[in-house]
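K.L.:
This one is work-v9.cif, mmCIF, C-alpha atoms and all ligand atoms.
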```cif
data_coords
#
loop_
_atom_site.label_atom_id
_atom_site.label_comp_id
_atom_site.auth_asym_id
_atom_site.auth_seq_id
_atom_site.Cartn_x
_atom_site.Cartn_y
_atom_site.Cartn_z
CA MET C 1 -43.81 -4.44 -18.94
CA LEU C 2 -41.51 -1.66 -19.89
CA ASN C 3 -40.39 -2.19 -23.42
CA LEU C 4 -36.98 -0.70 -23.97
CA PRO C 5 -34.79 -1.11 -27.02
CA ASN C 6 -31.96 -3.55 -26.34
CA THR C 7 -29.27 -0.96 -26.81
CA LEU C 8 -30.85 1.25 -24.18
CA VAL C 9 -31.12 -1.68 -21.79
CA LEU C 10 -27.45 -2.42 -22.31
CA ALA C 11 -26.57 1.21 -21.73
CA LEU C 12 -28.56 1.23 -18.50
CA LEU C 13 -26.90 -1.97 -17.37
CA ALA C 14 -23.52 -0.50 -18.14
CA ALA C 15 -24.33 2.60 -16.12
CA ALA C 16 -25.62 0.56 -13.18
CA GLY C 17 -22.62 -1.74 -13.47
CA SER C 18 -20.27 0.99 -12.40
CA VAL C 19 -17.63 0.79 -9.72
CA TYR C 20 -19.42 -0.96 -6.88
CA ALA C 21 -21.41 -3.50 -8.86
CA GLN C 22 -18.17 -5.36 -9.64
CA LEU C 23 -17.79 -6.52 -6.03
CA PRO C 24 -18.21 -8.65 -4.05
CA ARG C 25 -17.37 -11.79 -5.98
CA PRO C 26 -18.35 -15.26 -4.80
CA LEU C 27 -14.98 -16.93 -5.44
CA ILE C 28 -11.98 -16.20 -3.21
CA ASN C 29 -8.59 -17.40 -4.39
CA TYR C 30 -6.94 -17.14 -0.94
CA PRO C 31 -9.50 -17.80 1.82
CA LEU C 32 -7.01 -17.14 4.62
CA GLY C 33 -5.66 -13.97 3.06
CA LEU C 34 -2.31 -13.34 1.42
CA SER C 35 0.10 -13.36 4.33
CA PRO C 36 0.17 -17.15 4.93
CA VAL C 37 0.78 -17.76 1.22
CA PHE C 38 3.23 -15.04 0.26
CA ASP C 39 5.11 -13.60 3.23
CA GLU C 40 7.66 -16.39 3.63
CA GLY C 41 8.44 -16.08 -0.06
CA PHE C 42 8.97 -12.34 0.22
CA PHE C 43 11.27 -12.90 3.18
CA ALA C 44 13.30 -15.51 1.31
CA GLY C 45 13.26 -13.83 -2.08
CA THR C 46 13.96 -10.17 -1.35
CA ALA C 47 16.64 -8.12 0.36
CA ALA C 48 16.79 -4.45 1.25
CA PRO C 49 19.68 -2.44 -0.15
CA SER C 50 22.15 -1.16 2.40
CA ALA C 51 20.93 2.05 3.99
CA THR C 52 22.15 4.82 6.23
CA ILE C 53 19.80 6.05 8.93
CA VAL C 54 20.34 9.52 10.37
CA GLN C 55 18.07 10.71 13.15
CA TRP C 56 17.00 14.35 13.19
CA ALA C 57 17.58 16.54 16.21
CA PRO C 58 14.35 16.74 18.26
CA GLY C 59 11.84 19.51 17.68
CA LYS C 60 11.29 19.48 13.93
CA ALA C 61 9.38 17.17 11.62
CA PRO C 62 7.85 17.20 8.15
CA GLN C 63 4.34 18.66 8.12
CA ALA C 64 2.77 15.40 6.96
CA CYS C 65 4.35 13.55 9.89
CA VAL C 66 3.03 16.09 12.38
CA ASN C 67 -0.44 15.74 10.88
CA GLU C 68 -0.52 11.96 11.05
CA LEU C 69 1.25 11.51 14.38
CA ALA C 70 -1.09 14.00 16.03
CA TRP C 71 -4.09 12.29 14.50
CA ASN C 72 -2.83 8.94 15.83
CA ASN C 73 -2.69 10.25 19.41
CA CYS C 74 1.07 10.44 19.53
CA LEU C 75 1.86 12.96 22.25
CA SER C 76 3.54 16.17 21.19
CA GLY C 77 7.28 15.93 21.60
CA ARG C 78 7.37 12.21 20.90
CA ALA C 79 7.98 12.40 17.16
CA VAL C 80 11.22 10.82 15.99
CA VAL C 81 12.32 11.64 12.46
CA TYR C 82 14.97 9.99 10.31
CA ASN C 83 16.58 10.36 6.93
CA VAL C 84 16.81 6.89 5.44
CA THR C 85 19.10 6.80 2.43
CA TYR C 86 19.28 3.57 0.44
CA ALA C 87 22.21 2.64 -1.76
CA ASP C 88 19.99 2.76 -4.85
CA CYS C 89 18.70 6.31 -4.38
CA PRO C 90 20.67 9.37 -3.28
CA THR C 91 17.57 11.18 -2.00
CA PRO C 92 16.57 9.97 1.46
CA TRP C 93 13.09 8.97 2.46
CA ILE C 94 12.08 10.94 5.55
CA MET C 95 10.48 8.45 7.91
CA CYS C 96 8.72 9.30 11.16
CA ARG C 97 7.82 7.32 14.25
CA CYS C 98 6.04 8.06 17.43
CA ASP C 99 8.61 6.99 20.02
CA ASN C 100 6.23 4.26 21.23
CA ALA C 101 5.64 2.86 17.74
CA ASP C 102 5.70 -0.91 17.56
CA LEU C 103 8.01 -0.92 14.56
CA SER C 104 11.62 0.16 14.97
CA ILE C 105 13.26 2.37 12.37
CA TYR C 106 15.34 -0.67 11.41
CA GLN C 107 12.20 -2.67 10.69
CA MET C 108 10.71 0.23 8.73
CA THR C 109 13.90 0.61 6.72
CA ASN C 110 14.03 -3.12 6.05
CA PHE C 111 10.41 -3.71 5.04
CA PHE C 112 10.29 -0.61 2.87
CA GLY C 113 13.68 -1.37 1.33
CA ARG C 114 12.65 -4.87 0.25
CA MET C 115 10.39 -3.34 -2.40
CA PRO C 116 11.77 -2.26 -5.81
CA VAL C 117 13.11 1.27 -5.82
CA HIS C 118 10.57 2.35 -8.44
CA LEU C 119 7.72 1.06 -6.31
CA ARG C 120 9.19 2.80 -3.24
CA SER C 121 9.24 5.98 -5.28
CA THR C 122 5.43 6.16 -5.22
CA VAL C 123 5.71 6.84 -1.46
CA ARG C 124 6.60 10.20 0.10
CA HIS C 125 6.79 9.71 3.90
CA VAL C 126 6.76 6.44 5.82
CA ILE C 127 5.15 6.74 9.25
CA ALA C 128 4.72 4.32 12.16
CA THR C 129 2.65 4.64 15.33
CA HIS C 130 1.57 2.44 18.20
CA GLY C 131 -1.51 0.30 17.73
CA GLU C 132 -3.13 -2.92 18.84
CA GLY C 133 -2.37 -5.64 16.31
CA CYS C 134 -1.76 -4.09 12.92
CA SER C 135 -3.75 -1.80 10.73
CA ALA C 136 -2.45 0.58 8.13
CA TYR C 137 -3.56 3.26 5.74
CA ALA C 138 -2.37 5.19 2.73
CA ILE C 139 -2.91 8.88 2.06
CA THR C 140 -3.37 9.31 -1.64
CA GLY C 141 -3.84 12.37 -3.76
CA PRO C 142 -1.68 14.71 -5.82
CA ASP C 143 -0.33 16.48 -2.73
CA ASP C 144 0.12 13.37 -0.61
CA GLY C 145 1.72 9.97 -0.88
CA ASP C 146 2.29 8.75 2.66
CA ILE C 147 1.82 5.32 4.21
CA VAL C 148 1.10 4.87 7.91
CA MET C 149 1.62 1.66 9.89
CA GLN C 150 -0.42 1.47 13.08
CA GLY C 151 0.93 -1.27 15.33
CA ASN C 152 3.15 -4.24 14.71
CA CYS C 153 2.90 -4.44 10.91
CA ASN C 154 5.85 -6.77 10.52
CA THR C 155 4.90 -8.58 7.34
CA GLN C 156 5.95 -7.67 3.83
CA SER C 157 2.49 -8.22 2.34
CA ILE C 158 1.12 -5.28 4.35
CA TRP C 159 3.87 -2.97 3.17
CA LEU C 160 3.20 -4.03 -0.40
CA HIS C 161 -0.53 -3.57 0.08
CA GLU C 162 -0.21 0.01 1.36
CA THR C 163 2.36 0.90 -1.28
CA GLY C 164 -0.05 -0.69 -3.76
CA HIS C 165 -2.55 2.05 -2.86
CA GLN C 166 0.06 4.64 -3.86
CA LEU C 167 0.85 2.73 -7.04
CA ASP C 168 -2.88 2.71 -7.78
CA ALA C 169 -3.16 6.45 -7.22
CA ARG C 170 0.11 7.61 -8.78
CA GLY C 171 1.27 4.88 -11.12
CA LEU C 172 -0.40 6.12 -14.26
CA GLY C 173 0.70 9.68 -13.59
CA THR C 174 -2.61 10.94 -14.90
CA GLY C 175 -4.42 11.63 -11.66
CA VAL C 176 -6.70 8.68 -12.36
CA GLY C 177 -6.66 5.72 -10.03
CA PHE C 178 -5.92 2.56 -11.94
CA SER C 179 -8.32 0.47 -9.85
CA THR C 180 -11.29 2.54 -10.99
CA SER C 181 -10.17 2.77 -14.61
CA PRO C 182 -11.99 0.79 -17.32
CA THR C 183 -8.84 -1.29 -17.78
CA PHE C 184 -8.96 -2.74 -14.28
CA ILE C 185 -12.74 -2.91 -14.04
CA ASN C 186 -12.94 -4.78 -17.33
CA ALA C 187 -10.22 -7.15 -16.17
CA LEU C 188 -12.11 -7.84 -12.97
CA TRP C 189 -15.23 -8.39 -15.05
CA ASN C 190 -13.39 -11.05 -17.06
CA ASP C 191 -12.18 -12.83 -13.93
CA THR C 192 -14.13 -15.22 -11.75
CA CYS C 193 -12.55 -14.46 -8.37
CA VAL C 194 -10.92 -11.86 -6.17
CA ALA C 195 -7.63 -12.34 -4.34
CA ASP C 196 -9.11 -12.63 -0.85
CA ASP C 197 -11.98 -11.44 1.32
CA TYR C 198 -10.34 -8.08 1.86
CA GLY C 199 -10.04 -7.57 -1.88
CA ASN C 200 -13.79 -8.04 -2.05
CA THR C 201 -14.44 -4.88 -0.04
CA ALA C 202 -13.50 -2.30 -2.70
CA LEU C 203 -11.85 -2.06 -6.09
CA TRP C 204 -8.84 -0.29 -4.61
CA GLU C 205 -8.43 -2.97 -1.95
CA GLU C 206 -8.53 -5.66 -4.61
CA PHE C 207 -5.95 -3.72 -6.60
CA ALA C 208 -3.71 -3.43 -3.53
CA GLN C 209 -3.98 -7.15 -2.87
CA MET C 210 -3.23 -7.89 -6.52
CA THR C 211 -0.13 -5.72 -6.16
CA VAL C 212 1.06 -8.18 -3.51
CA VAL C 213 0.31 -11.13 -5.81
CA SER C 214 1.97 -9.45 -8.79
CA GLN C 215 5.12 -8.66 -6.85
CA SER C 216 5.42 -12.32 -5.86
CA HIS C 217 4.76 -13.31 -9.48
CA VAL C 218 7.56 -11.03 -10.66
CA ILE C 219 9.96 -12.52 -8.11
CA TYR C 220 9.10 -16.20 -8.55
CA GLY C 221 7.55 -16.43 -12.01
CA TYR C 222 4.53 -18.38 -10.85
CA ILE C 223 1.57 -17.95 -8.50
CA GLN C 224 1.49 -20.07 -5.35
CA GLN C 225 -1.35 -22.11 -3.87
CA GLN C 226 -4.32 -20.86 -5.85
CA GLN C 227 -7.71 -22.19 -4.82
CA TYR C 228 -8.99 -21.59 -8.36
CA PRO C 229 -5.95 -21.46 -10.64
CA GLY C 230 -6.15 -18.71 -13.23
CA CYS C 231 -9.26 -17.14 -11.74
CA PHE C 232 -7.71 -13.67 -11.42
CA ASP C 233 -5.41 -13.78 -14.45
CA SER C 234 -7.06 -10.85 -16.22
CA GLN C 235 -6.41 -8.56 -13.27
CA LEU C 236 -2.90 -9.88 -12.96
CA ASN C 237 -2.25 -9.24 -16.64
CA ALA C 238 -3.74 -5.75 -16.48
CA LEU C 239 -1.69 -4.79 -13.46
CA GLU C 240 1.52 -6.25 -14.82
CA THR C 241 1.03 -4.76 -18.27
CA ALA C 242 0.68 -1.36 -16.66
CA PHE C 243 3.27 -1.58 -13.90
CA LYS C 244 5.59 -4.62 -14.08
CA THR C 245 8.42 -2.90 -15.94
CA SER C 246 7.87 0.54 -14.52
CA HIS C 247 7.39 -0.30 -10.82
CA LEU C 248 7.56 -4.00 -9.92
CA THR C 249 10.93 -4.92 -11.43
CA TYR C 250 13.98 -4.82 -9.19
CA GLY C 251 17.12 -2.90 -10.02
CA GLY C 252 17.95 0.56 -11.27
CA THR C 253 17.85 3.74 -9.31
CA CYS C 254 15.21 6.29 -8.38
CA HIS C 255 14.33 8.81 -11.04
CA THR C 256 11.14 10.38 -9.75
CA ARG C 257 10.62 11.18 -6.12
CA ILE C 258 7.83 13.07 -4.40
CA PRO C 259 9.28 16.08 -2.57
CA ALA C 260 9.12 15.88 1.23
CA THR C 261 6.63 18.10 3.02
CA PRO C 262 7.98 21.31 4.63
CA THR C 263 9.83 21.03 7.92
CA VAL C 264 7.82 22.50 10.79
CA ASN C 265 7.97 22.55 14.57
CA ALA C 266 7.03 19.12 15.85
CA VAL C 267 4.63 20.54 18.40
CA TRP C 268 0.90 20.10 18.53
CA LYS C 269 -1.96 20.40 20.95
CA ARG C 270 -3.42 17.21 22.22
CA GLY C 271 -6.58 16.32 20.38
CA ARG C 272 -6.12 18.99 17.80
CA ILE C 273 -6.36 17.43 14.42
CA ASP C 274 -4.91 19.48 11.64
CA ARG C 275 -4.95 17.41 8.53
CA ARG C 276 -5.23 19.06 5.21
CA GLY C 277 -6.97 17.54 2.20
CA GLY C 278 -5.91 14.16 1.02
CA LYS C 279 -7.82 10.98 0.56
CA ARG C 280 -7.16 8.37 3.21
CA ILE C 281 -7.51 4.78 2.09
CA GLY C 282 -8.07 2.57 5.08
CA PRO C 283 -7.53 1.68 7.78
CA CYS C 284 -6.78 -1.57 6.04
CA LYS C 285 -7.23 -4.51 8.39
CA PHE C 286 -5.42 -7.79 7.98
CA ASP C 287 -6.05 -11.20 9.50
CA HIS C 288 -3.90 -14.31 9.74
CA LEU C 289 -0.66 -12.39 9.53
CA VAL C 290 2.42 -14.54 9.38
CA ALA C 291 5.49 -12.63 10.47
CA GLY C 292 8.43 -13.79 8.41
CA HIS C 293 11.08 -12.28 10.59
CA LYS C 294 12.01 -9.75 13.21
CA HIS C 295 14.68 -7.10 13.25
ZN ZN C 301 -5.92 -1.14 1.79
#
```
As a first step, turn the structure in this file into structure tokens.
Ligand SMILES: [Zn+2]
P.N.:
Amino acid sequence: MLNLPNTLVLALLAAAGSVYAQLPRPLINYPLGLSPVFDEGFFAGTAAPSATIVQWAPGKAPQACVNELAWNNCLSGRAVVYNVTYADCPTPWIMCRCDNADLSIYQMTNFFGRMPVHLRSTVRHVIATHGEGCSAYAITGPDDGDIVMQGNCNTQSIWLHETGHQLDARGLGTGVGFSTSPTFINALWNDTCVADDYGNTALWEEFAQMTVVSQSHVIYGYIQQQQYPGCFDSQLNALETAFKTSHLTYGGTCHTRIPATPTVNAVWKRGRIDRRGGKRIGPCKFDHLVAGHKH
């Protein structure tokens, strides 16, 4: 038998217990996922500020939109670009759709606008494409900040989840993802469950799902329908201590925005994928979606 001093054993355990050893967890607080529990509440409890939507003339688009639309098999020439300016922020968000995207620009404006302006400010471009069902991804990194909806992603919990990836990546402003920081990992260690099965797949997915839970908590002041009440309270506390005031509270106006990517010709060759850098989180898949509303 290998006889190691206890302190060394503990150090080895700590090293082995890095990022991935925290998951999966056996207890799931929401076995059917978050949408059936939270989406009706988001629909009832939030409203988007008024917004003006101005469509660009055809032919130009932000570079990031060209990259993602091309990658999503949107045909060249089918990009539609809009400036969406909400009443609580004078700088528009430049949103892009493939013209066969399942979400309309009105839906995109509404779902995005239902989030607090400081949470919205972690997102650079909002992009929608056609897809079967709904999947979505977030492009994180210092030079990115986009969220992409593939298909009919017409539930608020998905928008919060993807924006949660940006909050994770950008919220601390230090270049360190919160979900892989000791603060969040220790909180998860103290808890007995994860939010749902999807949260069990990676620390950053659990963080994104806890962003959904936290936003509901901020709106309603309690947590609905827990299978194991209190089982994720440490994560909730960690996330809200870090981000409740700064990002999850409604009101105010934007004070930090990520500059849009340069405007380029919205022309690309079919099948040519020109995507620079960036870390793509996803595609995030969601089951049991409950659409609260249509626009
Ligand atoms: Zn995700």
K.L.:
Counting all atoms listed in the file, which residues of chain C sit at most 9 Å from some atom of ligand ZN 301 (chain C), and what is each one's closest atom pair with its distance in Å to one decimal, listed by chain and rising residue number, as CSV?
P.N.:
```
residue,atom,partner,partner_atom,distance
C:Ala136,CA,C:ZN301,ZN,7.4
C:Tyr137,CA,C:ZN301,ZN,6.4
C:Ala138,CA,C:ZN301,ZN,7.3
C:Ile158,CA,C:ZN301,ZN,8.6
C:His161,CA,C:ZN301,ZN,6.2
C:Glu162,CA,C:ZN301,ZN,5.8
C:Gly164,CA,C:ZN301,ZN,8.1
C:His165,CA,C:ZN301,ZN,6.6
C:Tyr198,CA,C:ZN301,ZN,8.2
C:Gly199,CA,C:ZN301,ZN,8.5
C:Ala202,CA,C:ZN301,ZN,8.9
C:Trp204,CA,C:ZN301,ZN,7.1
C:Glu205,CA,C:ZN301,ZN,4.9
C:Glu206,CA,C:ZN301,ZN,8.3
C:Phe207,CA,C:ZN301,ZN,8.8
C:Ala208,CA,C:ZN301,ZN,6.2
C:Gln209,CA,C:ZN301,ZN,7.8
C:Ile281,CA,C:ZN301,ZN,6.1
C:Gly282,CA,C:ZN301,ZN,5.4
C:Pro283,CA,C:ZN301,ZN,6.8
C:Cys284,CA,C:ZN301,ZN,4.4
C:Lys285,CA,C:ZN301,ZN,7.5
```
K.L.:
Rank nothing, just name the residue among C:Gln22, C:His247, C:Lys279, C:Thr183 nearest to Thr140 of chain C, using all atoms listed in the file.
P.N.:
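Distance minimum relative to Thr140 of chain C lands on C:Lys279.
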K.L.:
Please report, as CSV, each residue of segment 6-89 of chain C lying at most 8 Å from segment 116-132 of chain C, together with the nearest pair of atoms and the separation in Å rounded to one decimal; use all atoms listed in the file, and order rows by chain and ascending residue number.
P.N.:
```
residue,atom,partner,partner_atom,distance
C:Ala64,CA,C:His125,CA,7.6
C:Cys65,CA,C:Ile127,CA,6.9
C:Glu68,CA,C:Ile127,CA,7.9
C:Leu69,CA,C:Thr129,CA,7.1
C:Asn72,CA,C:Thr129,CA,7.0
C:Cys74,CA,C:Thr129,CA,7.3
C:Asp88,CA,C:Val117,CA,7.1
C:Cys89,CA,C:Val117,CA,7.7
```
K.L.:
Just to confirm, what's the straight-line distance from atom CA of Gly33 of chain C to atom CA of Leu172 of chain C in Å (one decimal)?
P.N.:
27.0 Å
K.L.:
Which of these residues is nearest to Tyr82 of chain C, using all atoms listed in the file: C:Met108, C:Thr245, C:Ala61, C:Val54?
P.N.:
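Among the listed residues, the smallest separation from Tyr82 of chain C belongs to C:Val54.
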K.L.:
Pick out the residues sitting within 12 Å of Glu40 of chain C, and hand them over as a list in words; count only C-alpha atoms, and ignore anything fewer than 5 positions along from it in its own chain.
P.N.:
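After dropping sequence-adjacent residues, the list is Leu34, Ser35, Gly45, Thr46, Asn154, Thr155, Gln156, Ser157, Ser216, Gln224, Leu289, Val290, Ala291, Gly292 and His293 of chain C.
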K.L.:
Which is closest to Tyr250 of chain C among C:Ala87, C:Cys153, C:Ala51, C:Val218, if we use all atoms listed in the file?
P.N.:
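Going through C:Ala87, C:Cys153, C:Ala51, C:Val218 one by one, the smallest distance to Tyr250 of chain C is for C:Val218.
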K.L.:
Give me, please, the distance in Å between atom CA of Thr85 of chain C and atom CA of Arg280 of chain C, quoted to one decimal.
P.N.:
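Interatomic distance, atom CA of Thr85 of chain C to atom CA of Arg280 of chain C: 26.3 Å.
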